[in-house]
Amino acid sequence: MKRIITIQDISCVGKCSLTVALPIISAAGVETAVLPTAVLSTHTAFPKFTFKDLTDEIDPISRTFSELNIDFDAIYTGYLGSFEQLALVEKFFDSFKREDTFVLIDPVMADNGKLYSGFTEEFASAMAALCAKADLVVPNITEAAFMLGVPYNPNYDEEYIRWLLRSLTDLGCPRAALTGIGFKEGEIGVYYYDSITDTYFKYFNELLPTSYHGTGDIFASATLGGIMRGHSIERALTVAVDFTLECMKATARDEHRRFYGVNFEEALPYYIDLLK
Ligand code: PXL
């Protein structure tokens, strides 16, 4: 069985980051180790949250892994809260990235043209530098724009998306996938570029009228699960689009749904089937 490690916060309530990555990647049949970077009562989109920073734990935990000869087939980073954490994560890559270790960075920090609470443009530049160390990055277009220091442009065409993707790979990461992309009314999906083969791939499914918090984390986790199960990146991205849509449909169907979080739990059997 493959073993990955995911480095991001744990928000006790409000399904995102580790409480999404752990169940989804485990459901893919992949051992999912965690390195929690912070503990929050609730994620930062709630009107109120506590935040206990765990930056001081990152190095001792990493050193202990090294001493125990623990290694990983993939390293997946999501929400990271400070410049110091970015530096420690880079050090973690240097220690644990073997030739065949797959590094996935989801540069979680913004959506809909705006940075999340607590993030700055300087942080976006530092995240862009970290992305040079990844095998695949999966930003949305807001995160891509902040990392590249260009204005957010929601009225994009295909040429612009291809330019964004090439610019992302110019940061040093060979592959980039932009999430939340659609060109026609009613479609949403992913646009991917592999700079090694100079090829593009796109896949869309149905756009629902509502958006839910945490879908980016579901998408990234499902993608990594697929790759670790031996699927091509293109197939893994397709599975992630379809699974994310199914999670959103399950949420929309639930008349007792909460204002936070997606009912991904109900769609896990569908995800497992897609990976067969
Ligand atoms: O879903 C991304 C995410 C992860 N972790 C925390 C967040 C968010 C988005 O707001 O607040 C703590």
# chains A, B, ... in the order shown; residues from 1 in each chain; ligands from 1
>>> residues_near_ligand(ligand="ligand 1", cutoff="10 Å", atoms="only C-alpha atoms and all ligand atoms", output="PyMOL selection string")
chain A and resi 8-12+14-20+37-46+49-51+78-81+106-111+115-118+212-218+261
>>> select_by_dssp(residues="range 50-153 of chain A", states="helix (DSSP H, G or I)", output="MDAnalysis selection string")
chainID A and resid 55:67 83:96 121:131 141:148
>>> atom_distance(atom1="CA of Ile7 in chain A", atom2="CA of Met127 in chain A")
14.2 Å
>>> residues_around(residues="Arg162 in chain A", least_positions_apart="2", cutoff="9 Å", atoms="only C-alpha atoms", output="JSON, numbers by chain")
{"A": [157, 158, 159, 160, 164, 165, 166, 167, 191, 192, 193, 200]}
>>> residues_around(residues="range 96-100 of chain A", least_positions_apart="5", cutoff="8 Å", atoms="only C-alpha atoms", output="VMD selection string")
chain A and resid 71 to 73 75
>>> write_last_selection(atoms="N, CA and C atoms", output="tab-separated table (two decimals), in the first residue's frame")
chain	number	residue	atom	x	y	z
A	71	ASP	N	9.28	6.85	5.26
A	71	ASP	CA	9.29	7.61	4.01
A	71	ASP	C	7.89	7.62	3.37
A	72	PHE	N	7.76	8.41	2.32
A	72	PHE	CA	6.44	8.67	1.76
A	72	PHE	C	6.48	8.59	0.24
A	73	ASP	N	5.39	8.07	-0.35
A	73	ASP	CA	5.28	8.02	-1.81
A	73	ASP	C	4.81	9.36	-2.37
A	75	ILE	N	3.88	13.69	-1.03
A	75	ILE	CA	3.71	14.73	-0.02
A	75	ILE	C	2.69	15.71	-0.59
>>> select_by_dssp(residues="range 24-112 of chain A", states="strand (DSSP E)", output="PyMOL selection string")
chain A and resi 31-42+51-53+74-77+102-105+110-111
>>> residues_around(residues="range 204-207 of chain A", least_positions_apart="2", cutoff="8 Å", atoms="only C-alpha atoms", output="ChimeraX atom specification")
/A:181-182,186-190,202,209,241-242,245
>>> residues_around(residues="Phe146 in chain A", least_positions_apart="6", cutoff="10 Å", atoms="only C-alpha atoms", output="list of chain:residue names")
A:Met109, A:Ala110, A:Gly113, A:Lys114, A:Leu115, A:Thr120, A:Glu121, A:Glu122, A:Phe123, A:Ala124, A:Ser125, A:Met127, A:Ala128, A:Tyr152
>>> atom_distance(atom1="CA of Ser232 in chain A", atom2="CA of Asp170 in chain A")
22.2 Å
>>> residues_around(residues="Arg63 in chain A", least_positions_apart="5", cutoff="12 Å", atoms="only C-alpha atoms", output="PyMOL selection string")
chain A and resi 57-58+68-71+88+91-92+95-96
>>> write_last_selection(atoms="C-alpha atoms", output="PDB file, in the first residue's frame")
ATOM      1  CA  GLU A  57       6.186  20.854  16.024  1.00  0.00           C
ATOM      2  CA  ILE A  58       7.020  20.555  12.311  1.00  0.00           C
ATOM      3  CA  LEU A  68      12.735   6.110  12.164  1.00  0.00           C
ATOM      4  CA  ASN A  69      13.425   5.825   8.399  1.00  0.00           C
ATOM      5  CA  ILE A  70       9.784   6.587   7.617  1.00  0.00           C
ATOM      6  CA  ASP A  71       9.289   7.614   4.009  1.00  0.00           C
ATOM      7  CA  LEU A  88       9.685  24.393   7.050  1.00  0.00           C
ATOM      8  CA  LYS A  91      12.883  21.765   4.249  1.00  0.00           C
ATOM      9  CA  PHE A  92      10.517  18.807   4.614  1.00  0.00           C
ATOM     10  CA  SER A  95      14.452  15.725   3.465  1.00  0.00           C
ATOM     11  CA  PHE A  96      11.710  13.432   2.184  1.00  0.00           C
TER      12      PHE A  96
END
>>> atom_distance(atom1="CA of Asp56 in chain A", atom2="CA of Lys2 in chain A")
27.9 Å
>>> closest_residue(among="A:Ile141, A:Ile61, A:Leu275, A:Met147", to="Ile161 in chain A", atoms="only C-alpha atoms")
A:Ile141
>>> closest_residue(among="A:Cys131, A:Ile24, A:Ala74, A:Leu104", to="Leu86 in chain A", atoms="only C-alpha atoms")
A:Cys131
>>> closest_residue(among="A:Pro23, A:Gly180, A:Pro139, A:Gly149", to="Ile105 in chain A", atoms="only C-alpha atoms")
A:Pro139
